[in-house]
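So this block is start-v7.pdb, PDB, C-alpha atoms and all ligand atoms:
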```pdb
ATOM      1  CA  MET A 669      91.260  55.242 -27.911
ATOM      2  CA  ARG A 670      87.544  55.854 -27.697
ATOM      3  CA  THR A 671      86.284  59.131 -26.220
ATOM      4  CA  ALA A 672      83.050  59.873 -24.357
ATOM      5  CA  LEU A 673      81.467  63.264 -23.688
ATOM      6  CA  ILE A 674      79.094  63.479 -20.741
ATOM      7  CA  THR A 675      77.052  66.617 -20.104
ATOM      8  CA  GLY A 676      76.275  67.371 -16.481
ATOM      9  CA  GLY A 677      79.287  65.190 -15.777
ATOM     10  CA  ALA A 678      79.903  66.683 -12.346
ATOM     11  CA  GLY A 679      76.559  65.481 -11.016
ATOM     12  CA  ALA A 680      75.504  62.199  -9.467
ATOM     13  CA  VAL A 681      74.590  60.235 -12.617
ATOM     14  CA  GLY A 682      77.185  62.014 -14.779
ATOM     15  CA  SER A 683      80.137  61.306 -12.499
ATOM     16  CA  ALA A 684      79.068  57.673 -11.915
ATOM     17  CA  THR A 685      78.813  57.259 -15.705
ATOM     18  CA  ALA A 686      82.209  58.862 -16.208
ATOM     19  CA  ARG A 687      83.809  56.371 -13.826
ATOM     20  CA  MET A 688      82.184  53.380 -15.551
ATOM     21  CA  LEU A 689      83.090  54.552 -19.044
ATOM     22  CA  ALA A 690      86.664  55.258 -17.911
ATOM     23  CA  ALA A 691      86.817  51.734 -16.453
ATOM     24  CA  ASP A 692      85.716  50.521 -19.906
ATOM     25  CA  GLY A 693      88.643  52.398 -21.454
ATOM     26  CA  PHE A 694      87.063  55.621 -22.734
ATOM     27  CA  HIS A 695      88.850  58.961 -22.507
ATOM     28  CA  ILE A 696      86.435  61.225 -20.679
ATOM     29  CA  VAL A 697      85.170  64.744 -21.397
ATOM     30  CA  LEU A 698      82.845  66.305 -18.839
ATOM     31  CA  ALA A 699      80.834  69.386 -19.786
ATOM     32  CA  ASP A 700      79.244  71.131 -16.852
ATOM     33  CA  ILE A 701      78.351  74.526 -15.513
ATOM     34  CA  ALA A 702      79.910  73.377 -12.211
ATOM     35  CA  ILE A 703      83.475  73.468 -13.519
ATOM     36  CA  GLU A 704      85.240  73.010 -10.172
ATOM     37  CA  ALA A 705      83.297  69.841  -9.435
ATOM     38  CA  ALA A 706      83.782  68.587 -13.011
ATOM     39  CA  THR A 707      87.529  69.193 -12.755
ATOM     40  CA  ALA A 708      87.665  67.290  -9.462
ATOM     41  CA  VAL A 709      85.832  64.315 -11.032
ATOM     42  CA  CYS A 710      88.212  64.393 -14.012
ATOM     43  CA  ASP A 711      91.282  64.483 -11.755
ATOM     44  CA  GLU A 712      90.028  61.512  -9.772
ATOM     45  CA  ILE A 713      89.167  59.494 -12.883
ATOM     46  CA  GLY A 714      92.508  60.241 -14.523
ATOM     47  CA  ARG A 715      94.288  59.013 -11.381
ATOM     48  CA  ASP A 716      92.124  55.911 -10.914
ATOM     49  CA  PHE A 717      91.857  54.684 -14.505
ATOM     50  CA  GLY A 718      94.808  56.239 -16.357
ATOM     51  CA  VAL A 719      92.617  57.660 -19.124
ATOM     52  CA  GLU A 720      92.824  61.198 -20.490
ATOM     53  CA  THR A 721      90.222  63.610 -19.180
ATOM     54  CA  LEU A 722      89.016  67.085 -20.030
ATOM     55  CA  ALA A 723      86.629  69.263 -18.008
ATOM     56  CA  LEU A 724      84.789  71.929 -19.991
ATOM     57  CA  ASP A 725      83.057  74.915 -18.426
ATOM     58  CA  VAL A 726      79.804  75.007 -20.405
ATOM     59  CA  ASP A 727      76.378  76.427 -19.654
ATOM     60  CA  LEU A 728      74.032  74.479 -21.930
ATOM     61  CA  SER A 729      71.374  77.164 -21.676
ATOM     62  CA  ASP A 730      73.720  79.075 -24.001
ATOM     63  CA  LEU A 731      73.057  77.105 -27.167
ATOM     64  CA  GLU A 732      75.758  79.038 -29.025
ATOM     65  CA  ALA A 733      78.335  77.355 -26.771
ATOM     66  CA  ILE A 734      77.688  73.884 -28.173
ATOM     67  CA  LYS A 735      79.538  74.030 -31.509
ATOM     68  CA  PRO A 736      82.713  75.592 -30.034
ATOM     69  CA  MET A 737      82.621  72.990 -27.261
ATOM     70  CA  MET A 738      82.513  70.163 -29.801
ATOM     71  CA  ALA A 739      85.361  71.832 -31.725
ATOM     72  CA  THR A 740      87.412  71.722 -28.504
ATOM     73  CA  VAL A 741      86.662  67.998 -28.134
ATOM     74  CA  GLU A 742      87.750  67.409 -31.734
ATOM     75  CA  ALA A 743      90.935  69.433 -31.266
ATOM     76  CA  HIS A 744      91.827  67.452 -28.137
ATOM     77  CA  PHE A 745      90.852  63.905 -29.034
ATOM     78  CA  GLY A 746      90.202  63.950 -32.798
ATOM     79  CA  ARG A 747      87.128  61.747 -32.387
ATOM     80  CA  LEU A 748      83.983  61.149 -30.362
ATOM     81  CA  ASP A 749      82.543  57.680 -29.801
ATOM     82  CA  CYS A 750      79.927  58.263 -27.124
ATOM     83  CA  LEU A 751      77.757  61.236 -26.176
ATOM     84  CA  VAL A 752      75.723  61.093 -22.977
ATOM     85  CA  ASN A 753      73.094  63.845 -22.831
ATOM     86  CA  ASN A 754      72.725  63.848 -19.075
ATOM     87  CA  ALA A 755      72.478  67.472 -17.874
ATOM     88  CA  GLY A 756      68.940  68.310 -16.899
ATOM     89  CA  ARG A 757      66.720  70.404 -14.698
ATOM     90  CA  THR A 758      63.198  70.379 -13.305
ATOM     91  CA  GLY A 759      60.530  73.073 -12.885
ATOM     92  CA  ALA A 760      57.136  74.302 -14.187
ATOM     93  CA  PRO A 761      55.169  71.662 -12.262
ATOM     94  CA  THR A 762      51.555  72.735 -12.872
ATOM     95  CA  ILE A 763      49.622  74.115 -15.853
ATOM     96  CA  GLY A 764      47.866  76.679 -13.651
ATOM     97  CA  ASP A 765      50.972  78.676 -12.862
ATOM     98  CA  VAL A 766      53.433  77.951 -15.652
ATOM     99  CA  ASP A 767      56.095  80.607 -15.906
ATOM    100  CA  LEU A 768      57.026  80.716 -19.602
ATOM    101  CA  ASP A 769      60.625  81.659 -18.835
ATOM    102  CA  VAL A 770      60.998  78.581 -16.638
ATOM    103  CA  TRP A 771      59.263  76.398 -19.258
ATOM    104  CA  ASN A 772      61.617  77.653 -21.976
ATOM    105  CA  ALA A 773      64.663  77.166 -19.741
ATOM    106  CA  ILE A 774      63.702  73.527 -19.121
ATOM    107  CA  MET A 775      63.084  72.851 -22.803
ATOM    108  CA  THR A 776      66.408  74.455 -23.691
ATOM    109  CA  ILE A 777      68.508  72.351 -21.321
ATOM    110  CA  ASN A 778      66.536  69.090 -21.450
ATOM    111  CA  LEU A 779      65.642  68.970 -25.145
ATOM    112  CA  THR A 780      67.072  71.652 -27.444
ATOM    113  CA  ALA A 781      70.642  71.372 -26.151
ATOM    114  CA  PRO A 782      70.644  67.548 -26.513
ATOM    115  CA  MET A 783      69.364  67.902 -30.085
ATOM    116  CA  LEU A 784      72.134  70.376 -30.956
ATOM    117  CA  LEU A 785      74.703  68.204 -29.164
ATOM    118  CA  CYS A 786      73.642  65.222 -31.284
ATOM    119  CA  GLN A 787      73.870  67.391 -34.397
ATOM    120  CA  ALA A 788      77.385  68.516 -33.471
ATOM    121  CA  ALA A 789      78.513  65.050 -32.330
ATOM    122  CA  ALA A 790      77.494  63.073 -35.414
ATOM    123  CA  PRO A 791      80.265  64.428 -37.692
ATOM    124  CA  LEU A 792      82.860  63.408 -35.077
ATOM    125  CA  MET A 793      81.415  59.880 -34.899
ATOM    126  CA  ARG A 794      80.953  59.214 -38.631
ATOM    127  CA  PRO A 795      84.630  58.637 -39.551
ATOM    128  CA  ALA A 796      84.835  55.660 -37.148
ATOM    129  CA  GLY A 797      81.694  54.140 -38.674
ATOM    130  CA  SER A 798      80.134  53.752 -35.242
ATOM    131  CA  GLY A 799      78.973  55.765 -32.263
ATOM    132  CA  SER A 800      76.600  55.665 -29.349
ATOM    133  CA  ILE A 801      74.389  58.467 -28.088
ATOM    134  CA  VAL A 802      72.580  57.929 -24.804
ATOM    135  CA  ASN A 803      69.925  60.401 -23.709
ATOM    136  CA  VAL A 804      69.110  60.491 -20.019
ATOM    137  CA  ALA A 805      65.334  60.821 -19.981
ATOM    138  CA  SER A 806      63.113  59.875 -17.045
ATOM    139  CA  ARG A 807      60.412  57.427 -16.128
ATOM    140  CA  VAL A 808      58.058  60.431 -15.842
ATOM    141  CA  TYR A 809      57.371  60.166 -19.584
ATOM    142  CA  LEU A 810      55.105  57.236 -18.712
ATOM    143  CA  SER A 811      53.200  58.835 -15.882
ATOM    144  CA  GLY A 812      52.839  62.588 -16.354
ATOM    145  CA  THR A 813      54.026  64.357 -13.230
ATOM    146  CA  GLY A 814      55.309  67.979 -13.432
ATOM    147  CA  ILE A 815      54.397  69.221 -16.900
ATOM    148  CA  GLY A 816      57.626  71.045 -17.789
ATOM    149  CA  TYR A 817      59.902  68.163 -16.829
ATOM    150  CA  THR A 818      57.575  65.476 -18.210
ATOM    151  CA  SER A 819      57.136  67.270 -21.542
ATOM    152  CA  SER A 820      60.856  67.815 -21.994
ATOM    153  CA  LYS A 821      61.778  64.232 -21.117
ATOM    154  CA  SER A 822      58.989  62.854 -23.350
ATOM    155  CA  GLY A 823      60.402  65.030 -26.126
ATOM    156  CA  LEU A 824      63.837  63.563 -25.454
ATOM    157  CA  ILE A 825      62.445  60.056 -26.008
ATOM    158  CA  GLY A 826      60.932  61.262 -29.291
ATOM    159  CA  LEU A 827      64.264  62.766 -30.285
ATOM    160  CA  THR A 828      65.945  59.452 -29.458
ATOM    161  CA  ARG A 829      63.640  57.505 -31.738
ATOM    162  CA  ALA A 830      63.788  59.984 -34.614
ATOM    163  CA  LEU A 831      67.572  60.219 -34.496
ATOM    164  CA  ALA A 832      67.988  56.452 -34.268
ATOM    165  CA  VAL A 833      66.287  56.289 -37.662
ATOM    166  CA  GLN A 834      68.161  59.234 -39.150
ATOM    167  CA  LEU A 835      71.644  58.256 -37.922
ATOM    168  CA  GLY A 836      71.327  54.490 -38.363
ATOM    169  CA  LYS A 837      72.922  54.552 -41.814
ATOM    170  CA  ASP A 838      76.028  56.044 -40.175
ATOM    171  CA  ARG A 839      76.024  53.192 -37.630
ATOM    172  CA  ILE A 840      75.411  55.735 -34.887
ATOM    173  CA  ARG A 841      73.100  54.222 -32.284
ATOM    174  CA  VAL A 842      70.766  56.458 -30.284
ATOM    175  CA  ASN A 843      69.099  55.171 -27.138
ATOM    176  CA  ALA A 844      67.669  56.516 -23.905
ATOM    177  CA  VAL A 845      67.612  55.509 -20.274
ATOM    178  CA  ALA A 846      64.563  56.312 -18.161
ATOM    179  CA  PRO A 847      65.407  56.240 -14.453
ATOM    180  CA  SER A 848      62.786  56.562 -11.746
ATOM    181  CA  PHE A 849      63.272  58.664  -8.614
ATOM    182  CA  LEU A 850      66.895  58.183  -7.542
ATOM    183  CA  ASN A 851      68.609  58.351  -4.244
ATOM    184  CA  SER A 852      70.696  61.370  -5.374
ATOM    185  CA  PRO A 853      71.209  65.080  -4.604
ATOM    186  CA  PHE A 854      68.948  66.000  -7.587
ATOM    187  CA  ASN A 855      65.955  65.217  -5.330
ATOM    188  CA  LYS A 856      67.295  66.706  -2.087
ATOM    189  CA  LYS A 857      64.857  69.638  -2.047
ATOM    190  CA  LEU A 858      61.871  67.443  -2.902
ATOM    191  CA  VAL A 859      62.676  64.969  -0.171
ATOM    192  CA  ALA A 860      63.345  67.764   2.327
ATOM    193  CA  ALA A 861      59.880  69.183   1.570
ATOM    194  CA  ASN A 862      58.178  65.799   1.698
ATOM    195  CA  ALA A 863      59.989  63.139   3.662
ATOM    196  CA  ALA A 864      57.375  60.488   2.871
ATOM    197  CA  MET A 865      57.860  60.931  -0.854
ATOM    198  CA  ALA A 866      61.016  58.836  -1.254
ATOM    199  CA  ASP A 867      59.427  56.050   0.723
ATOM    200  CA  SER A 868      56.269  56.112  -1.383
ATOM    201  CA  PHE A 869      58.408  55.776  -4.533
ATOM    202  CA  ARG A 870      60.171  52.801  -3.005
ATOM    203  CA  LYS A 871      56.848  51.136  -2.219
ATOM    204  CA  LEU A 872      55.778  51.432  -5.869
ATOM    205  CA  THR A 873      58.993  49.755  -6.999
ATOM    206  CA  PRO A 874      58.830  45.951  -7.344
ATOM    207  CA  LEU A 875      62.521  45.608  -6.453
ATOM    208  CA  ASP A 876      61.702  47.499  -3.230
ATOM    209  CA  ARG A 877      64.435  50.120  -3.226
ATOM    210  CA  LEU A 878      65.234  53.441  -4.863
ATOM    211  CA  GLY A 879      67.645  53.497  -7.784
ATOM    212  CA  THR A 880      71.181  54.841  -7.481
ATOM    213  CA  PRO A 881      73.368  56.795  -9.891
ATOM    214  CA  ASP A 882      75.411  53.610 -10.410
ATOM    215  CA  ASP A 883      72.274  51.752 -11.550
ATOM    216  CA  VAL A 884      71.780  54.355 -14.278
ATOM    217  CA  ALA A 885      75.479  54.488 -15.149
ATOM    218  CA  GLY A 886      75.492  50.704 -15.652
ATOM    219  CA  ALA A 887      72.731  50.917 -18.256
ATOM    220  CA  ILE A 888      74.461  53.819 -20.003
ATOM    221  CA  ALA A 889      77.787  51.951 -20.073
ATOM    222  CA  PHE A 890      76.029  48.944 -21.595
ATOM    223  CA  LEU A 891      74.440  51.096 -24.311
ATOM    224  CA  ALA A 892      77.814  52.711 -24.987
ATOM    225  CA  SER A 893      79.493  49.339 -25.384
ATOM    226  CA  ASP A 894      79.774  46.983 -28.341
ATOM    227  CA  ARG A 895      77.559  44.569 -26.408
ATOM    228  CA  ALA A 896      74.666  46.831 -27.443
ATOM    229  CA  SER A 897      75.809  47.065 -31.062
ATOM    230  CA  PHE A 898      72.403  46.022 -32.498
ATOM    231  CA  ILE A 899      70.294  48.146 -30.150
ATOM    232  CA  THR A 900      69.068  51.544 -31.267
ATOM    233  CA  GLY A 901      65.962  53.673 -30.783
ATOM    234  CA  ASP A 902      65.275  51.946 -27.485
ATOM    235  CA  VAL A 903      64.572  53.020 -23.920
ATOM    236  CA  ILE A 904      65.982  51.140 -20.939
ATOM    237  CA  HIS A 905      63.846  51.708 -17.862
ATOM    238  CA  VAL A 906      66.209  51.856 -14.898
ATOM    239  CA  CYS A 907      63.352  51.651 -12.461
ATOM    240  CA  GLY A 908      63.444  48.405 -10.521
ATOM    241  CA  GLY A 909      60.176  47.562 -12.284
ATOM    242  CA  ALA A 910      58.479  50.862 -11.404
ATOM    243  CA  GLN A 911      57.631  51.394 -15.075
ATOM    244  CA  LEU A 912      54.900  48.835 -14.316
ATOM    245  CA  ALA A 913      53.608  50.727 -11.284
ATOM    246  CA  PRO A 914      49.862  51.358 -11.186
ATOM    247  CA  GLN A 915      50.432  54.948 -10.043
ATOM    248  CA  PRO A 916      52.846  57.700 -11.163
ATOM    249  CA  VAL A 917      56.384  57.315  -9.801
TER     250      VAL A 917
HETATM  251  N1  LIG A1001      67.924  62.054  -9.819
HETATM  252  C1  LIG A1001      66.786  61.499 -10.242
HETATM  253  O1  LIG A1001      65.914  61.069  -9.485
HETATM  254  C2  LIG A1001      66.545  61.364 -11.715
HETATM  255  C3  LIG A1001      65.498  60.546 -12.156
HETATM  256  C4  LIG A1001      65.272  60.446 -13.520
HETATM  257  C5  LIG A1001      66.060  61.141 -14.405
HETATM  258  N2  LIG A1001      67.066  61.928 -13.934
HETATM  259  C6  LIG A1001      67.873  62.666 -14.905
HETATM  260  O2  LIG A1001      69.235  62.298 -14.741
HETATM  261  C7  LIG A1001      70.071  63.390 -15.145
HETATM  262  C8  LIG A1001      71.141  63.611 -14.110
HETATM  263  O3  LIG A1001      70.533  63.808 -12.850
HETATM  264  P1  LIG A1001      71.371  63.767 -11.484
HETATM  265  O4  LIG A1001      70.518  63.101 -10.498
HETATM  266  O5  LIG A1001      72.748  63.287 -11.733
HETATM  267  O6  LIG A1001      71.400  65.334 -11.150
HETATM  268  P2  LIG A1001      72.583  66.255 -10.588
HETATM  269  O7  LIG A1001      71.931  67.522 -10.151
HETATM  270  O8  LIG A1001      73.415  65.498  -9.594
HETATM  271  O9  LIG A1001      73.482  66.517 -11.877
HETATM  272  C9  LIG A1001      73.088  67.378 -12.910
HETATM  273  C10 LIG A1001      74.337  68.048 -13.466
HETATM  274  O10 LIG A1001      73.944  68.872 -14.564
HETATM  275  C11 LIG A1001      74.648  70.088 -14.465
HETATM  276  N3  LIG A1001      73.917  71.150 -15.146
HETATM  277  C12 LIG A1001      72.720  71.673 -14.756
HETATM  278  N4  LIG A1001      72.389  72.679 -15.582
HETATM  279  C13 LIG A1001      73.391  72.776 -16.493
HETATM  280  C14 LIG A1001      73.628  73.656 -17.587
HETATM  281  N5  LIG A1001      72.775  74.639 -17.895
HETATM  282  N6  LIG A1001      74.756  73.487 -18.315
HETATM  283  C15 LIG A1001      75.642  72.506 -17.987
HETATM  284  N7  LIG A1001      75.475  71.677 -16.948
HETATM  285  C16 LIG A1001      74.365  71.805 -16.210
HETATM  286  C17 LIG A1001      74.756  70.353 -12.967
HETATM  287  O11 LIG A1001      75.795  71.274 -12.650
HETATM  288  C18 LIG A1001      75.016  68.953 -12.436
HETATM  289  O12 LIG A1001      76.405  68.673 -12.359
HETATM  290  C19 LIG A1001      69.133  64.583 -15.377
HETATM  291  O13 LIG A1001      68.886  64.728 -16.760
HETATM  292  C20 LIG A1001      67.846  64.163 -14.685
HETATM  293  O14 LIG A1001      66.718  64.756 -15.277
HETATM  294  C21 LIG A1001      67.336  62.047 -12.619
END
```

Please re-express this file's structure in structure tokens.
Amino acid sequence: MRTALITGGAGAVGSATARMLAADGFHIVLADIAIEAATAVCDEIGRDFGVETLALDVDLSDLEAIKPMMATVEAHFGRLDCLVNNAGRTGAPTIGDVDLDVWNAIMTINLTAPMLLCQAAAPLMRPAGSGSIVNVASRVYLSGTGIGYTSSKSGLIGLTRALAVQLGKDRIRVNAVAPSFLNSPFNKKLVAANAAMADSFRKLTPLDRLGTPDDVAGAIAFLASDRASFITGDVIHVCGGAQLAPQPV
């Protein structure tokens, strides 16, 4: 049976994705620094969908942890069919006061770790002659808000395109989703500091609502499925049309 690994799988988008991929018949591996929450999501999914699950306690800022983690996946399931690079963080908003440690931490989690995860995942996908990697980027790559986050997510789109070319011969597809501002805990602090912000994002969205983790999970599940078997190197904007907005969203 096919197996999917989702980083940041305990979070809003990660857990919604895990449920959808489990409903589609994937065994589920969640890698997260929040191991208790990841274990709870795995337990629930195992009960609800009857698939095998594995929660792995991994801090992706420790790049050395990636290869052993993938070895654990191989030992457990013997294969990997889908990798969702979903864990991410924000920070370093303005050029005037960039803290280099924060900048490097963002790049590590949002860009370097996904690259190393792709590198480690490809050998587990090759034997099946197929595979799907989905990178969770952000709509910010189109608009240029906080520089640390925007740069890392723009880099992730670049990685997606480069790897789609490099891994195509192995029939491994590499795509990205670019959500806009979601109604999720990721933005709790931002919204608490600026209550009008969420509403202003909604107003810039043609479909007139904020996105949800399930909206993003649906696009990821599509890209993971055989229905997307001729799609690679692409970006799905999960934005309700906000990728067309005249101002940054
Ligand atoms: N929420 C939004 O508005 C939004 C919009 C666009 C893109 N995104 C992207 O979607 C992805 C998921 O966001 P979310 O809203 O589900 O956030 P979330 O905070 O609910 O989930 C993020 C998960 O990543 C895990 N994580 C963080 N640092 C980690 C590390 N060093 N090692 C391992 N795990 C780590 C967290 O424990 C958490 O479970 C992120 O990449 C984010 O940039 C979110």

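Nearest residue to ligand LIG 1001 (chain A) among A:Leu768, A:Leu722, A:Ile703, A:Ala678 is A:Ala678, counting all atoms listed in the file.
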
Residues selected by the PyMOL selection byres (((not hetatm)) within 8 of (chain A and resi 1001)), written as an mmCIF file with C-alpha atoms, in the coordinates of the input:
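Below is the file that was written, result31.cif:
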```cif
data_model
loop_
_atom_site.group_PDB
_atom_site.id
_atom_site.type_symbol
_atom_site.label_atom_id
_atom_site.label_comp_id
_atom_site.auth_asym_id
_atom_site.auth_seq_id
_atom_site.Cartn_x
_atom_site.Cartn_y
_atom_site.Cartn_z
ATOM 1 C CA THR A 675 77.052 66.617 -20.104
ATOM 2 C CA GLY A 676 76.275 67.371 -16.481
ATOM 3 C CA GLY A 677 79.287 65.190 -15.777
ATOM 4 C CA ALA A 678 79.903 66.683 -12.346
ATOM 5 C CA GLY A 679 76.559 65.481 -11.016
ATOM 6 C CA ALA A 680 75.504 62.199 -9.467
ATOM 7 C CA VAL A 681 74.590 60.235 -12.617
ATOM 8 C CA GLY A 682 77.185 62.014 -14.779
ATOM 9 C CA SER A 683 80.137 61.306 -12.499
ATOM 10 C CA ALA A 699 80.834 69.386 -19.786
ATOM 11 C CA ASP A 700 79.244 71.131 -16.852
ATOM 12 C CA ILE A 701 78.351 74.526 -15.513
ATOM 13 C CA ALA A 702 79.910 73.377 -12.211
ATOM 14 C CA ALA A 705 83.297 69.841 -9.435
ATOM 15 C CA ALA A 706 83.782 68.587 -13.011
ATOM 16 C CA ASP A 725 83.057 74.915 -18.426
ATOM 17 C CA VAL A 726 79.804 75.007 -20.405
ATOM 18 C CA ASP A 727 76.378 76.427 -19.654
ATOM 19 C CA LEU A 728 74.032 74.479 -21.930
ATOM 20 C CA SER A 729 71.374 77.164 -21.676
ATOM 21 C CA ASP A 730 73.720 79.075 -24.001
ATOM 22 C CA ASN A 753 73.094 63.845 -22.831
ATOM 23 C CA ASN A 754 72.725 63.848 -19.075
ATOM 24 C CA ALA A 755 72.478 67.472 -17.874
ATOM 25 C CA GLY A 756 68.940 68.310 -16.899
ATOM 26 C CA ARG A 757 66.720 70.404 -14.698
ATOM 27 C CA THR A 758 63.198 70.379 -13.305
ATOM 28 C CA ILE A 777 68.508 72.351 -21.321
ATOM 29 C CA ASN A 778 66.536 69.090 -21.450
ATOM 30 C CA VAL A 804 69.110 60.491 -20.019
ATOM 31 C CA ALA A 805 65.334 60.821 -19.981
ATOM 32 C CA SER A 806 63.113 59.875 -17.045
ATOM 33 C CA ARG A 807 60.412 57.427 -16.128
ATOM 34 C CA VAL A 808 58.058 60.431 -15.842
ATOM 35 C CA TYR A 817 59.902 68.163 -16.829
ATOM 36 C CA LYS A 821 61.778 64.232 -21.117
ATOM 37 C CA ALA A 846 64.563 56.312 -18.161
ATOM 38 C CA PRO A 847 65.407 56.240 -14.453
ATOM 39 C CA SER A 848 62.786 56.562 -11.746
ATOM 40 C CA PHE A 849 63.272 58.664 -8.614
ATOM 41 C CA LEU A 850 66.895 58.183 -7.542
ATOM 42 C CA ASN A 851 68.609 58.351 -4.244
ATOM 43 C CA SER A 852 70.696 61.370 -5.374
ATOM 44 C CA PRO A 853 71.209 65.080 -4.604
ATOM 45 C CA PHE A 854 68.948 66.000 -7.587
ATOM 46 C CA ASN A 855 65.955 65.217 -5.330
ATOM 47 C CA GLY A 879 67.645 53.497 -7.784
ATOM 48 C CA PRO A 881 73.368 56.795 -9.891
#
```

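The environment of Ser798 of chain A within 7 Å, counting only C-alpha atoms and disregarding residues fewer than 6 places along the same chain, consists of A:Asp838, A:Arg839, A:Ile840.
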
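Of the residues listed (A:Asp749, A:Lys735, A:Asn772, A:Gly908), A:Gly908 shows the shortest atom-to-atom separation from Pro874 of chain A; distances use only C-alpha atoms.
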
Give as a PyMOL selection string the residues that the PyMOL selection byres (((chain A and resi 910-916) around 7) and not hetatm) matches when applied to the coordinates above. chain A and resi 807+811+872-874+905+907-909+917

Hits of the PyMOL selection byres (((chain A and resi 801) around 10) and not hetatm) in this structure, as a PDB file with C-alpha atoms, in the frame of the given file:
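Output below, filename expr.pdb:
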```pdb
ATOM      1  CA  ALA A 672      83.050  59.873 -24.357  1.00  0.00           C
ATOM      2  CA  LEU A 673      81.467  63.264 -23.688  1.00  0.00           C
ATOM      3  CA  ASP A 749      82.543  57.680 -29.801  1.00  0.00           C
ATOM      4  CA  CYS A 750      79.927  58.263 -27.124  1.00  0.00           C
ATOM      5  CA  LEU A 751      77.757  61.236 -26.176  1.00  0.00           C
ATOM      6  CA  VAL A 752      75.723  61.093 -22.977  1.00  0.00           C
ATOM      7  CA  ASN A 753      73.094  63.845 -22.831  1.00  0.00           C
ATOM      8  CA  PRO A 782      70.644  67.548 -26.513  1.00  0.00           C
ATOM      9  CA  LEU A 785      74.703  68.204 -29.164  1.00  0.00           C
ATOM     10  CA  CYS A 786      73.642  65.222 -31.284  1.00  0.00           C
ATOM     11  CA  ALA A 789      78.513  65.050 -32.330  1.00  0.00           C
ATOM     12  CA  ALA A 790      77.494  63.073 -35.414  1.00  0.00           C
ATOM     13  CA  MET A 793      81.415  59.880 -34.899  1.00  0.00           C
ATOM     14  CA  GLY A 799      78.973  55.765 -32.263  1.00  0.00           C
ATOM     15  CA  SER A 800      76.600  55.665 -29.349  1.00  0.00           C
ATOM     16  CA  VAL A 802      72.580  57.929 -24.804  1.00  0.00           C
ATOM     17  CA  ASN A 803      69.925  60.401 -23.709  1.00  0.00           C
ATOM     18  CA  VAL A 804      69.110  60.491 -20.019  1.00  0.00           C
ATOM     19  CA  THR A 828      65.945  59.452 -29.458  1.00  0.00           C
ATOM     20  CA  LEU A 831      67.572  60.219 -34.496  1.00  0.00           C
ATOM     21  CA  ALA A 832      67.988  56.452 -34.268  1.00  0.00           C
ATOM     22  CA  ILE A 840      75.411  55.735 -34.887  1.00  0.00           C
ATOM     23  CA  ARG A 841      73.100  54.222 -32.284  1.00  0.00           C
ATOM     24  CA  VAL A 842      70.766  56.458 -30.284  1.00  0.00           C
ATOM     25  CA  ASN A 843      69.099  55.171 -27.138  1.00  0.00           C
ATOM     26  CA  ALA A 844      67.669  56.516 -23.905  1.00  0.00           C
ATOM     27  CA  ILE A 888      74.461  53.819 -20.003  1.00  0.00           C
ATOM     28  CA  LEU A 891      74.440  51.096 -24.311  1.00  0.00           C
ATOM     29  CA  ALA A 892      77.814  52.711 -24.987  1.00  0.00           C
ATOM     30  CA  THR A 900      69.068  51.544 -31.267  1.00  0.00           C
TER      31      THR A 900
END
```

Could you check the closest approach to Gly826 of chain A for each of A:Ala889, A:Leu779, A:Ile674, A:Leu748 and tell me which residue wins, using all atoms listed in the file? A:Leu779

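Distances from A:Asp711, A:Thr671, A:Gly823, A:Phe898 to Asp692 of chain A were compared using all atoms listed in the file, and the smallest one belongs to A:Thr671.
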
Using only C-alpha atoms, which residue out of A:Gly693, A:Pro791, A:Gly901, A:Gly746 lies closest to Glu720 of chain A? A:Gly693

Put a box with edges along x, y and z around all the listed atoms of segment 744-747 of chain A, pad it by 8 Å on each side, then give me its centre and sizes in Å, one decimal, as lines of an AutoDock Vina configuration file.
```
center_x = 89.5
center_y = 64.6
center_z = -30.5
size_x = 20.7
size_y = 21.7
size_z = 20.7
```

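Between atom CA of Ile774 of chain A and atom CA of Phe869 of chain A there is a distance of 23.6 Å.
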
Between A:Leu827, A:Ala864, A:Ala691, A:Met669, which has the minimum distance to Ala885 of chain A (counting only C-alpha atoms)? A:Ala691

Could you please determine the separation between atom CA of Phe717 of chain A and atom CA of Ala690 of chain A in Å, to one decimal place? 6.2 Å

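Atom CA of Tyr809 of chain A is found 4.9 Å from atom CA of Ser822 of chain A.
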